[in-house]
$ cat protein.tsv   # TSV, C-alpha atoms and all ligand atoms
chain	number	residue	atom	x	y	z
A	413	MET	CA	128.07	104.15	124.84
A	414	ALA	CA	128.69	106.43	127.76
A	415	HIS	CA	131.38	109.09	127.43
A	416	LEU	CA	133.98	108.82	130.20
A	417	THR	CA	135.93	111.95	131.08
A	418	LEU	CA	138.91	112.03	133.42
A	419	GLY	CA	139.10	115.37	135.26
A	420	ILE	CA	142.40	116.53	136.77
A	421	GLU	CA	142.70	119.47	139.17
A	422	THR	CA	145.89	120.73	140.85
A	423	SER	CA	145.55	124.53	140.73
A	424	CYS	CA	146.03	125.14	144.42
A	425	ASP	CA	146.46	122.78	147.37
A	426	GLU	CA	144.22	119.84	146.49
A	427	THR	CA	145.33	117.04	144.20
A	428	ALA	CA	142.10	115.83	142.61
A	429	ALA	CA	140.95	113.41	139.93
A	430	ALA	CA	137.45	112.34	138.93
A	431	ILE	CA	135.69	110.16	136.40
A	432	LEU	CA	132.53	111.66	134.96
A	433	GLU	CA	130.01	109.79	132.83
A	434	ASP	CA	128.31	111.81	130.07
A	435	GLY	CA	129.33	115.06	131.72
A	436	ARG	CA	126.89	114.65	134.60
A	437	ARG	CA	127.20	111.42	136.56
A	438	ILE	CA	130.11	111.31	139.00
A	439	ARG	CA	131.54	107.79	138.88
A	440	SER	CA	134.37	108.76	141.26
A	441	SER	CA	135.87	111.89	142.75
A	442	VAL	CA	139.12	111.67	144.70
A	443	ILE	CA	140.61	114.63	146.55
A	444	ALA	CA	143.96	114.50	148.36
A	445	SER	CA	143.93	117.55	150.63
A	446	GLN	CA	147.14	119.29	151.66
A	447	ASP	CA	145.52	121.16	154.56
A	448	THR	CA	147.69	119.53	157.24
A	449	LEU	CA	150.84	120.27	155.20
A	450	HIS	CA	150.12	124.01	155.08
A	451	ALA	CA	148.31	124.45	158.41
A	452	PRO	CA	151.47	125.24	160.44
A	453	TYR	CA	152.12	128.20	158.13
A	454	GLY	CA	148.56	129.60	158.27
A	455	GLY	CA	148.42	129.64	154.46
A	456	ILE	CA	149.60	127.80	151.35
A	457	VAL	CA	153.35	127.47	150.74
A	458	PRO	CA	153.51	127.21	146.92
A	459	GLU	CA	156.73	125.18	146.70
A	460	LEU	CA	155.45	122.62	149.21
A	461	ALA	CA	152.16	122.44	147.31
A	462	SER	CA	153.74	121.61	143.95
A	463	ARG	CA	156.05	119.00	145.46
A	464	ARG	CA	153.12	117.27	147.14
A	465	HIS	CA	151.14	117.35	143.87
A	466	VAL	CA	154.01	115.53	142.14
A	467	GLU	CA	153.88	112.77	144.76
A	468	ALA	CA	150.09	112.51	144.80
A	469	ILE	CA	148.96	112.91	141.19
A	470	TRP	CA	149.44	109.35	139.90
A	471	PRO	CA	148.05	107.60	143.01
A	472	VAL	CA	145.06	109.96	142.99
A	473	VAL	CA	144.33	109.31	139.30
A	474	GLN	CA	144.71	105.56	139.84
A	475	GLU	CA	142.34	105.72	142.80
A	476	ALA	CA	139.76	107.61	140.72
A	477	LEU	CA	139.97	104.96	137.97
A	478	THR	CA	139.74	102.09	140.47
A	479	ARG	CA	136.76	103.55	142.32
A	480	ALA	CA	134.95	104.15	139.03
A	481	GLY	CA	135.85	100.66	137.74
A	482	VAL	CA	137.33	102.24	134.61
A	483	THR	CA	140.61	101.48	132.82
A	484	LEU	CA	142.82	104.00	131.01
A	485	ALA	CA	141.87	102.36	127.73
A	486	GLU	CA	138.19	103.16	128.33
A	487	LEU	CA	138.71	106.92	128.76
A	488	ASP	CA	137.16	109.10	126.04
A	489	GLY	CA	138.74	112.36	127.11
A	490	ILE	CA	140.85	114.19	129.67
A	491	ALA	CA	140.08	117.64	131.08
A	492	ALA	CA	142.86	119.25	133.10
A	493	THR	CA	142.93	122.64	134.83
A	494	ALA	CA	145.16	125.05	132.88
A	495	GLY	CA	144.71	128.11	135.13
A	496	PRO	CA	144.32	130.32	137.04
A	497	GLY	CA	146.18	129.21	140.16
A	498	LEU	CA	149.67	128.63	141.51
A	499	ILE	CA	151.90	128.05	138.51
A	500	GLY	CA	153.97	125.24	140.04
A	501	SER	CA	150.81	123.43	141.14
A	502	LEU	CA	149.03	123.93	137.81
A	503	LEU	CA	151.97	122.56	135.85
A	504	VAL	CA	151.88	119.22	137.68
A	505	GLY	CA	148.27	118.38	136.76
A	506	LEU	CA	148.42	119.82	133.26
A	507	CYS	CA	151.70	118.09	132.37
A	508	PHE	CA	150.35	114.84	133.79
A	509	GLY	CA	147.22	115.21	131.66
A	510	LYS	CA	149.26	115.99	128.55
A	511	ALA	CA	151.57	113.02	129.12
A	512	LEU	CA	148.64	110.66	129.60
A	513	ALA	CA	146.84	112.06	126.55
A	514	PHE	CA	149.98	111.65	124.42
A	515	ALA	CA	150.90	108.17	125.67
A	516	ARG	CA	147.38	106.77	125.32
A	517	ASP	CA	146.19	108.89	122.40
A	518	ILE	CA	143.29	110.34	124.41
A	519	PRO	CA	141.75	113.73	123.52
A	520	LEU	CA	142.68	116.49	125.99
A	521	VAL	CA	141.25	119.92	126.79
A	522	GLY	CA	142.58	122.54	129.20
A	523	VAL	CA	139.93	123.96	131.53
A	524	ASN	CA	139.68	127.32	133.27
A	525	HIS	CA	139.38	126.58	137.00
A	526	LEU	CA	136.73	129.31	137.41
A	527	GLU	CA	134.58	127.81	134.67
A	528	GLY	CA	134.98	124.51	136.52
A	529	HIS	CA	133.58	126.10	139.68
A	530	LEU	CA	130.54	127.38	137.73
A	531	TYR	CA	129.97	123.93	136.23
A	532	ALA	CA	129.94	122.36	139.71
A	533	ALA	CA	126.37	123.63	140.06
A	534	THR	CA	125.28	121.62	136.98
A	535	LEU	CA	126.42	118.40	138.68
A	536	ASP	CA	123.97	118.80	141.54
A	537	HIS	CA	121.19	120.60	139.64
A	538	GLU	CA	120.25	118.88	136.39
A	539	GLU	CA	117.50	121.44	135.89
A	540	LEU	CA	119.96	124.37	135.85
A	541	SER	CA	120.13	125.96	132.43
A	542	PHE	CA	121.92	128.92	130.87
A	543	PRO	CA	121.77	131.90	131.19
A	544	PHE	CA	122.50	132.40	134.89
A	545	THR	CA	124.37	134.75	137.19
A	546	GLY	CA	127.23	132.98	138.98
A	547	LEU	CA	129.24	134.00	142.02
A	548	VAL	CA	132.58	132.22	142.41
A	549	ALA	CA	133.73	132.96	145.97
A	550	SER	CA	136.91	131.11	146.84
A	551	GLY	CA	140.33	131.58	148.42
A	552	GLY	CA	141.71	133.17	145.27
A	553	HIS	CA	138.68	134.80	143.64
A	554	THR	CA	135.44	136.63	144.24
A	555	ASN	CA	134.10	136.93	140.71
A	556	LEU	CA	130.55	137.55	139.57
A	557	TYR	CA	129.65	136.30	136.09
A	558	LEU	CA	126.80	136.39	133.69
A	559	ALA	CA	126.99	132.91	132.15
A	560	THR	CA	125.15	133.38	128.86
A	561	ALA	CA	125.81	129.99	127.25
A	562	PRO	CA	128.36	127.19	127.73
A	563	GLY	CA	131.74	128.84	127.28
A	564	VAL	CA	130.30	132.37	127.03
A	565	TYR	CA	130.83	134.44	130.17
A	566	LEU	CA	130.74	138.10	131.04
A	567	LEU	CA	132.66	139.21	134.12
A	568	LEU	CA	130.21	141.54	135.90
A	569	GLY	CA	132.35	142.28	138.93
A	570	ARG	CA	135.23	141.05	141.05
A	571	THR	CA	137.08	141.87	144.21
A	572	ARG	CA	139.34	144.89	144.03
A	573	ASP	CA	141.59	143.51	146.79
A	574	ASP	CA	141.21	140.37	148.92
A	575	ALA	CA	139.06	137.42	147.87
A	576	ALA	CA	136.28	136.53	150.31
A	577	GLY	CA	137.95	133.22	151.27
A	578	GLU	CA	141.28	134.98	151.66
A	579	ALA	CA	139.66	137.38	154.14
A	580	PHE	CA	138.31	134.39	156.11
A	581	ASP	CA	141.79	132.82	156.11
A	582	LYS	CA	143.55	136.03	157.17
A	583	VAL	CA	141.13	136.77	160.01
A	584	ALA	CA	141.44	133.17	161.22
A	585	LYS	CA	145.21	133.54	161.19
A	586	LEU	CA	144.97	136.82	163.10
A	587	LEU	CA	142.88	135.09	165.75
A	588	SER	CA	145.19	132.02	165.72
A	589	LEU	CA	142.26	129.75	164.87
A	590	GLY	CA	144.04	127.63	162.24
A	591	TYR	CA	143.90	126.97	158.49
A	592	PRO	CA	141.84	126.97	156.31
A	593	GLY	CA	140.02	129.77	158.08
A	594	GLY	CA	136.54	129.63	156.53
A	595	PRO	CA	135.18	126.50	158.25
A	596	LEU	CA	136.86	127.45	161.56
A	597	ILE	CA	135.40	130.96	161.58
A	598	GLU	CA	131.99	129.53	160.73
A	599	GLU	CA	132.25	127.14	163.69
A	600	TRP	CA	133.29	129.92	166.09
A	601	ALA	CA	130.63	132.24	164.71
A	602	ARG	CA	127.93	129.75	165.66
A	603	LYS	CA	128.79	130.40	169.32
A	604	GLY	CA	128.90	134.17	168.90
A	605	ASN	CA	126.55	137.10	168.49
A	606	PRO	CA	126.80	138.82	165.08
A	607	ASN	CA	125.51	142.07	166.56
A	608	THR	CA	128.07	142.54	169.34
A	609	VAL	CA	130.69	143.94	166.96
A	610	ARG	CA	129.43	145.59	163.79
A	611	PHE	CA	132.16	145.66	161.15
A	612	PRO	CA	131.98	147.91	158.05
A	613	ARG	CA	130.44	146.70	154.79
A	614	SER	CA	131.90	147.89	151.54
A	615	VAL	CA	129.05	148.19	149.07
A	616	PRO	CA	129.89	149.17	145.46
A	617	PRO	CA	128.39	152.25	143.84
A	618	ARG	CA	125.18	151.76	141.84
A	619	GLY	CA	125.81	149.88	138.61
A	620	SER	CA	129.04	148.26	139.85
A	621	TYR	CA	129.25	144.69	141.05
A	622	ASP	CA	132.76	144.87	142.45
A	623	PHE	CA	133.68	143.70	145.94
A	624	SER	CA	136.23	144.87	148.49
A	625	PHE	CA	137.19	143.06	151.69
A	626	SER	CA	140.46	144.69	152.73
A	627	GLY	CA	138.75	147.50	154.70
A	628	LEU	CA	136.79	144.90	156.63
A	629	LYS	CA	139.96	142.91	157.31
A	630	THR	CA	141.73	146.05	158.58
A	631	ALA	CA	138.74	146.86	160.81
A	632	VAL	CA	139.04	143.39	162.37
A	633	VAL	CA	142.80	143.81	162.83
A	634	ASN	CA	142.29	147.18	164.55
A	635	TYR	CA	139.51	145.85	166.71
A	636	VAL	CA	141.58	142.86	167.85
A	637	ARG	CA	144.57	145.11	168.62
A	638	SER	CA	142.41	147.39	170.75
A	639	ALA	CA	140.84	144.43	172.50
A	640	LYS	CA	144.31	143.16	173.39
A	641	GLY	CA	145.27	146.58	174.64
A	642	GLU	CA	147.77	147.06	171.83
A	643	GLY	CA	145.96	149.99	170.16
A	644	THR	CA	145.10	153.46	171.33
A	645	ASN	CA	141.31	153.23	171.05
A	646	PRO	CA	139.37	150.83	173.24
A	647	PRO	CA	136.88	148.67	171.35
A	648	THR	CA	133.36	150.03	171.57
A	649	PRO	CA	131.31	146.93	172.41
A	650	PRO	CA	131.61	145.23	175.80
A	651	LEU	CA	134.73	143.12	176.06
A	652	GLN	CA	133.81	140.48	178.59
A	653	LYS	CA	131.29	137.74	177.92
A	654	GLY	CA	130.75	134.30	179.32
A	655	GLY	CA	133.70	132.27	177.96
A	656	THR	CA	133.24	129.08	176.03
A	657	GLY	CA	136.19	127.62	177.93
A	658	GLY	CA	139.30	125.75	176.94
A	659	PHE	CA	140.69	128.32	174.52
A	660	ASP	CA	143.68	130.53	174.99
A	661	VAL	CA	144.41	133.06	172.27
A	662	ARG	CA	147.34	135.29	173.13
A	663	GLY	CA	148.25	138.62	171.59
A	664	ALA	CA	151.77	139.70	170.75
A	665	ALA	CA	152.07	141.17	174.23
A	666	GLY	CA	150.74	137.96	175.76
A	667	THR	CA	147.22	139.34	176.23
A	668	THR	CA	144.49	136.72	176.17
A	669	LEU	CA	141.29	137.31	174.24
A	670	ASP	CA	138.13	136.04	175.87
A	671	PRO	CA	136.76	133.07	173.86
A	672	GLY	CA	133.31	134.67	173.95
A	673	LEU	CA	134.74	137.75	172.30
A	674	ILE	CA	136.54	135.66	169.67
A	675	ALA	CA	133.20	134.04	168.84
A	676	ASP	CA	131.54	137.48	168.59
A	677	ILE	CA	134.33	138.80	166.34
A	678	CYS	CA	133.95	135.74	164.08
A	679	ALA	CA	130.17	136.16	163.97
A	680	GLY	CA	130.41	139.90	163.26
A	681	PHE	CA	133.04	139.40	160.57
A	682	GLN	CA	131.17	136.53	158.89
A	683	GLU	CA	127.95	138.55	158.92
A	684	ALA	CA	129.69	141.47	157.18
A	685	VAL	CA	131.14	139.23	154.41
A	686	VAL	CA	127.82	137.43	153.94
A	687	ASP	CA	125.91	140.70	153.84
A	688	VAL	CA	128.07	142.09	151.03
A	689	LEU	CA	128.12	138.85	148.99
A	690	VAL	CA	124.34	138.52	149.25
A	691	ARG	CA	123.59	142.15	148.42
A	692	VAL	CA	125.87	142.41	145.38
A	693	SER	CA	125.12	139.01	143.84
A	694	LEU	CA	121.37	139.44	144.31
A	695	ALA	CA	121.48	142.88	142.70
A	696	ALA	CA	123.22	141.33	139.67
A	697	ALA	CA	120.78	138.41	139.50
A	698	LYS	CA	117.81	140.77	139.70
A	699	ALA	CA	119.21	142.85	136.84
A	700	SER	CA	119.49	139.75	134.61
A	701	ALA	CA	116.59	138.30	132.68
A	702	SER	CA	116.97	134.77	134.02
A	703	ARG	CA	116.80	135.50	137.77
A	704	ARG	CA	118.90	132.39	138.38
A	705	LEU	CA	121.86	132.72	140.75
A	706	VAL	CA	124.58	130.11	141.15
A	707	LEU	CA	126.79	130.19	144.24
A	708	VAL	CA	130.05	128.22	144.06
A	709	GLY	CA	133.65	128.17	145.36
A	710	GLY	CA	134.86	127.26	148.85
A	711	VAL	CA	133.06	130.15	150.54
A	712	ALA	CA	129.77	128.79	149.15
A	713	CYS	CA	130.08	126.04	151.81
A	714	ASN	CA	129.30	128.66	154.44
A	715	GLY	CA	125.99	127.84	156.11
A	716	ARG	CA	125.18	131.43	157.06
A	717	LEU	CA	125.78	132.57	153.47
A	718	ARG	CA	123.51	129.82	152.16
A	719	SER	CA	120.69	130.53	154.59
A	720	LYS	CA	120.78	134.30	154.19
A	721	LEU	CA	120.96	134.11	150.40
A	722	THR	CA	118.13	131.58	150.26
A	723	GLU	CA	115.97	133.81	152.45
A	724	ARG	CA	116.72	137.07	150.64
A	725	ALA	CA	116.50	135.47	147.17
A	726	ALA	CA	113.04	134.11	147.93
A	727	GLU	CA	111.91	137.64	148.84
A	728	GLU	CA	113.35	138.97	145.58
A	729	GLY	CA	112.02	136.20	143.33
A	730	VAL	CA	115.49	134.86	142.47
A	731	GLN	CA	116.15	131.11	142.22
A	732	VAL	CA	119.40	130.12	143.97
A	733	TYR	CA	121.51	127.05	143.11
A	734	TYR	CA	124.43	125.82	145.13
A	735	PRO	CA	126.07	122.42	144.94
A	736	LYS	CA	126.84	120.32	147.99
A	737	PRO	CA	129.95	121.47	149.92
A	738	SER	CA	132.25	118.78	148.45
A	739	LEU	CA	131.53	120.23	144.99
A	740	CYS	CA	131.94	123.86	146.13
A	741	THR	CA	135.56	123.45	147.18
A	742	ASP	CA	138.21	122.44	144.66
A	743	ASN	CA	137.52	119.09	143.00
A	744	ALA	CA	138.10	117.43	139.64
A	745	ALA	CA	134.49	116.47	138.85
A	746	MET	CA	133.75	120.13	138.11
A	747	ILE	CA	136.76	120.29	135.78
A	748	ALA	CA	135.56	117.20	133.89
A	749	ALA	CA	132.05	118.73	133.70
A	750	ALA	CA	133.38	121.95	132.16
A	751	GLY	CA	135.62	120.07	129.72
A	752	TYR	CA	133.00	117.53	128.61
A	753	PRO	CA	130.97	119.70	126.15
A	754	ARG	CA	134.18	120.81	124.48
A	755	LEU	CA	135.53	117.27	124.19
A	756	LEU	CA	132.19	116.25	122.73
A	757	ARG	CA	132.46	119.01	120.11
A	758	GLY	CA	135.82	117.56	119.05
A	759	GLU	CA	138.01	120.23	120.63
A	760	ARG	CA	141.61	119.11	121.19
A	761	ALA	CA	144.41	120.87	123.07
A	762	LEU	CA	147.85	120.87	121.49
A	763	LEU	CA	150.70	119.48	123.54
A	764	SER	CA	152.11	123.02	123.51
A	765	LEU	CA	149.23	124.10	125.80
A	766	ASN	CA	150.78	125.86	128.79
A	767	ALA	CA	149.51	126.59	132.27
A	768	ASP	CA	148.64	130.22	132.97
A	769	ALA	CA	148.60	131.44	136.59
A	770	ASN	CA	146.43	134.43	135.62
A	771	LEU	CA	144.16	132.80	133.04
A	772	ALA	CA	141.08	135.01	132.76
A	773	LEU	CA	137.51	133.83	132.28
A	774	GLY	CA	135.03	135.76	130.23
A	775	LEU	CA	134.74	139.17	128.68
A	776	THR	CA	134.97	142.22	130.90
B	801	LIG	O1	137.34	126.92	146.06
B	801	LIG	P1	138.36	126.60	147.09
B	801	LIG	O2	138.40	125.21	147.65
B	801	LIG	O3	139.81	126.91	146.58
B	801	LIG	C1	140.14	127.99	145.79
B	801	LIG	O4	139.95	127.92	144.56
B	801	LIG	O5	140.59	128.99	146.42
B	801	LIG	O6	138.15	127.67	148.29
B	801	LIG	C2	138.92	127.67	149.43
B	801	LIG	C3	138.50	128.86	150.28
B	801	LIG	C4	139.38	129.06	151.52
B	801	LIG	O7	139.72	130.43	151.60
B	801	LIG	C5	138.46	128.67	152.67
B	801	LIG	O8	138.74	129.36	153.88
B	801	LIG	C6	137.10	129.03	152.12
B	801	LIG	O9	137.16	128.67	150.76
B	801	LIG	N1	136.03	128.27	152.80
B	801	LIG	C7	135.06	128.84	153.53
B	801	LIG	C8	134.30	127.78	154.08
B	801	LIG	N2	134.82	126.60	153.63
B	801	LIG	C9	135.89	126.92	152.84
B	801	LIG	N3	134.79	130.13	153.77
B	801	LIG	C10	133.74	130.39	154.59
B	801	LIG	N4	132.98	129.44	155.17
B	801	LIG	C11	133.22	128.12	154.94
B	801	LIG	N5	132.47	127.18	155.53
B	802	ZN	ZN	138.86	126.93	143.41
$ encode --input "protein.tsv" --output "C-alpha cells"
Amino acid sequence: MAHLTLGIETSCDETAAAILEDGRRIRSSVIASQDTLHAPYGGIVPELASRRHVEAIWPVVQEALTRAGVTLAELDGIAATAGPGLIGSLLVGLCFGKALAFARDIPLVGVNHLEGHLYAATLDHEELSFPFTGLVASGGHTNLYLATAPGVYLLLGRTRDDAAGEAFDKVAKLLSLGYPGGPLIEEWARKGNPNTVRFPRSVPPRGSYDFSFSGLKTAVVNYVRSAKGEGTNPPTPPLQKGGTGGFDVRGAAGTTLDPGLIADICAGFQEAVVDVLVRVSLAAAKASASRRLVLVGGVACNGRLRSKLTERAAEEGVQVYYPKPSLCTDNAAMIAAAGYPRLLRGERALLSLNADANLALGLT
C-alpha cells in the first residue's frame, strides 16, 4: 500500500498543501500565492500574511485532497513546516496540522523549511543521492549545506547580511519594478547589457563559504541616485541608451530613468549576484567528495543563474541538480518529501511542538 503524506507549508506568503505518494510522487500540489496582497507594499506585511493564511489553509488542504483523489481517512502522515519563517504565518499551518493530526489520529512531524527546500531536488531527480552540497537561495536565506545523509546537515556558509532573494526584492523596489523582485529583474535584465554597469562582487576569503549582498545593494542604490542626479558623483558608464519604451520610473526629485538604463542596471546587478553564488557554491562542491551540487529556493528559478552554473559546473566536473521552478519556490510537496522518511521511521511530534521563527538547520 502506498504511503500518503499531506504536506503543509505556511512559513512566508504562500499557503500550500500537497499530497505525496511514497515520498516521491506528487499526487497534488496546491499553492495559494499572496503576491497581489503584498505587491502594493513592495514586500511582505507579516500581519496581512498570517490573516490570509487563516482564510486559505482549509480550502487549500481540501483542494489538495480533491485533486489527489484522497480522503482524510486515507492519509498516513502529516508533515507541516515548523520554522524558520514569519512566526504568525508558521503558526497557522503548524496549528492546522496539529489539529488535523489530533482529530483524525494521524501521525505528524514538524519540518524545517530549509530541509524542505533541499528535498525539493529529490522530487525532480530520482537519481540524486546523499551526500551532496546544497545551496538554498531564497528571500529569507542564502545557506550552503553539506547534506551528508537524510537529516544530517552541516552549514558550510550563509549570508552575513541580505539574502540573495532579498537583494533582488530590494533592488526591484528601488527601481519601482514591483514585487516579488526576482522574476521582474530577470525579465528586465534580458533586455539589458550586463557589462554596461559593473557592480562589486563580495567574494569570501579562502576557506569561507559565506555570502554578502548588502555592499552590492548599496552600490546599486548609489548608482541609481547618481543617475537621477541626486548624488554628487555622476555614474561612470554612459547614461543614455535606446529606450525600450512605455516605462516611466521617476526618482524622488521626479527624475526619469531611461528604460534602457534600468535594463542595464538589472542585468549588471543580476550578473553580480549570479557570479558570487556560482563561485562560492562551486568552490564548496569541488571541496566535497561527491561533487554533486543542488540548487534550490526561489532564486534557483533564475535562468541566468541556472545557465551560468551549468556551464561552469561542467568545466569543473561538478554535477548540478535543480528542480523545476514550481518546486524551487515555496511549496508543500517539498515539506512532505522531507517529512516522509521520518514518518516512515515512526517519528511522531508531540502536540506541544511549537513553531520557531529562527529554527536552525544543521551543525555549524
Ligand atoms: O523560496 P521562496 O519562494 O521563499 C522563501 O523561502 O523566501 O523565495 C522567494 C524569493 C524572492 O525573494 C524572489 O524575489 C526570489 O525568490 N525569486 C527570484 C526569482 N524567482 C523568485 N530571484 C531571482 N530570479 C528569479 N527568477
Ligand atoms: Zn522558502
$ residues_near_ligand --input "protein.tsv" --ligand "ligand ZN 802 (chain B)" --cutoff "8 Å" --atoms "all atoms listed in the file" --output "PDB file with C-alpha atoms, in the frame of the given file"
ATOM      1  CA  SER A 423     145.550 124.530 140.730  1.00  0.00           C
ATOM      2  CA  CYS A 424     146.030 125.140 144.420  1.00  0.00           C
ATOM      3  CA  HIS A 525     139.380 126.580 137.000  1.00  0.00           C
ATOM      4  CA  LEU A 526     136.730 129.310 137.410  1.00  0.00           C
ATOM      5  CA  HIS A 529     133.580 126.100 139.680  1.00  0.00           C
ATOM      6  CA  SER A 550     136.910 131.110 146.840  1.00  0.00           C
ATOM      7  CA  GLY A 551     140.330 131.580 148.420  1.00  0.00           C
ATOM      8  CA  GLY A 552     141.710 133.170 145.270  1.00  0.00           C
ATOM      9  CA  HIS A 553     138.680 134.800 143.640  1.00  0.00           C
ATOM     10  CA  GLY A 709     133.650 128.170 145.360  1.00  0.00           C
ATOM     11  CA  GLY A 710     134.860 127.260 148.850  1.00  0.00           C
ATOM     12  CA  THR A 741     135.560 123.450 147.180  1.00  0.00           C
ATOM     13  CA  ASP A 742     138.210 122.440 144.660  1.00  0.00           C
ATOM     14  CA  ASN A 743     137.520 119.090 143.000  1.00  0.00           C
TER      15      ASN A 743
END
$ residues_near_ligand --input "protein.tsv" --ligand "ligand LIG 801 (chain B)" --cutoff "10 Å" --atoms "all atoms listed in the file" --output "PyMOL selection string"
chain A and resi 423-426+445+455+496-497+525-526+529+548-554+575-584+591-599+682+685-686+708-718+737-743
$ closest_residue --input "protein.tsv" --among "A:Leu512, A:Ala532, A:Leu556, A:Ala494" --to "Asp768 of chain A" --atoms "all atoms listed in the file"
A:Ala494
$ residues_around --input "protein.tsv" --residues "Glu486 of chain A" --least-positions-apart "5" --cutoff "12 Å" --atoms "only C-alpha atoms" --output "PDB file with C-alpha atoms, keeping the file's coordinate frame"
ATOM      1  CA  MET A 413     128.070 104.150 124.840  1.00  0.00           C
ATOM      2  CA  ALA A 414     128.690 106.430 127.760  1.00  0.00           C
ATOM      3  CA  HIS A 415     131.380 109.090 127.430  1.00  0.00           C
ATOM      4  CA  LEU A 416     133.980 108.820 130.200  1.00  0.00           C
ATOM      5  CA  THR A 417     135.930 111.950 131.080  1.00  0.00           C
ATOM      6  CA  LEU A 418     138.910 112.030 133.420  1.00  0.00           C
ATOM      7  CA  ILE A 431     135.690 110.160 136.400  1.00  0.00           C
ATOM      8  CA  GLU A 433     130.010 109.790 132.830  1.00  0.00           C
ATOM      9  CA  LEU A 477     139.970 104.960 137.970  1.00  0.00           C
ATOM     10  CA  ALA A 480     134.950 104.150 139.030  1.00  0.00           C
ATOM     11  CA  GLY A 481     135.850 100.660 137.740  1.00  0.00           C
ATOM     12  CA  ARG A 516     147.380 106.770 125.320  1.00  0.00           C
ATOM     13  CA  ASP A 517     146.190 108.890 122.400  1.00  0.00           C
ATOM     14  CA  ILE A 518     143.290 110.340 124.410  1.00  0.00           C
TER      15      ILE A 518
END
$ residues_near_point --input "protein.tsv" --point "(125.9, 148.0, 149.9)" --cutoff "7 Å" --atoms "only C-alpha atoms" --output "MDAnalysis selection string"
chainID A and resid 613:616 688 691
$ write_last_selection --input "protein.tsv" --atoms "C-alpha atoms" --output "tab-separated table (two decimals), in the frame of the given file"
chain	number	residue	atom	x	y	z
A	613	ARG	CA	130.44	146.70	154.79
A	614	SER	CA	131.90	147.89	151.54
A	615	VAL	CA	129.05	148.19	149.07
A	616	PRO	CA	129.89	149.17	145.46
A	688	VAL	CA	128.07	142.09	151.03
A	691	ARG	CA	123.59	142.15	148.42
$ residues_around --input "protein.tsv" --residues "Ser624 of chain A" --least-positions-apart "6" --cutoff "7 Å" --atoms "all atoms listed in the file" --output "count of residues only"
5
$ closest_residue --input "protein.tsv" --among "A:Ala749, A:Leu669, A:Gly604, A:Leu773" --to "Ser441 of chain A" --atoms "all atoms listed in the file"
A:Ala749
$ atom_distance --input "protein.tsv" --atom1 "atom CA of Pro753 of chain A" --atom2 "atom CA of Asp488 of chain A"
12.3 Å
$ residues_around --input "protein.tsv" --residues "Phe611 of chain A" --least-positions-apart "4" --cutoff "9 Å" --atoms "only C-alpha atoms" --output "VMD selection string"
chain A and resid 628 631 to 632 677 680 to 681 683 to 684
$ atom_distance --input "protein.tsv" --atom1 "atom CA of Asp687 of chain A" --atom2 "atom CA of Lys720 of chain A"
8.2 Å
$ residues_around --input "protein.tsv" --residues "Thr534 of chain A" --least-positions-apart "5" --cutoff "8 Å" --atoms "only C-alpha atoms" --output "list of chain:residue names"
A:Arg436, A:Glu539, A:Leu540
$ closest_residue --input "protein.tsv" --among "A:Glu727, A:Glu475, A:Glu538, A:Glu459" --to "Leu694 of chain A" --atoms "only C-alpha atoms"
A:Glu727
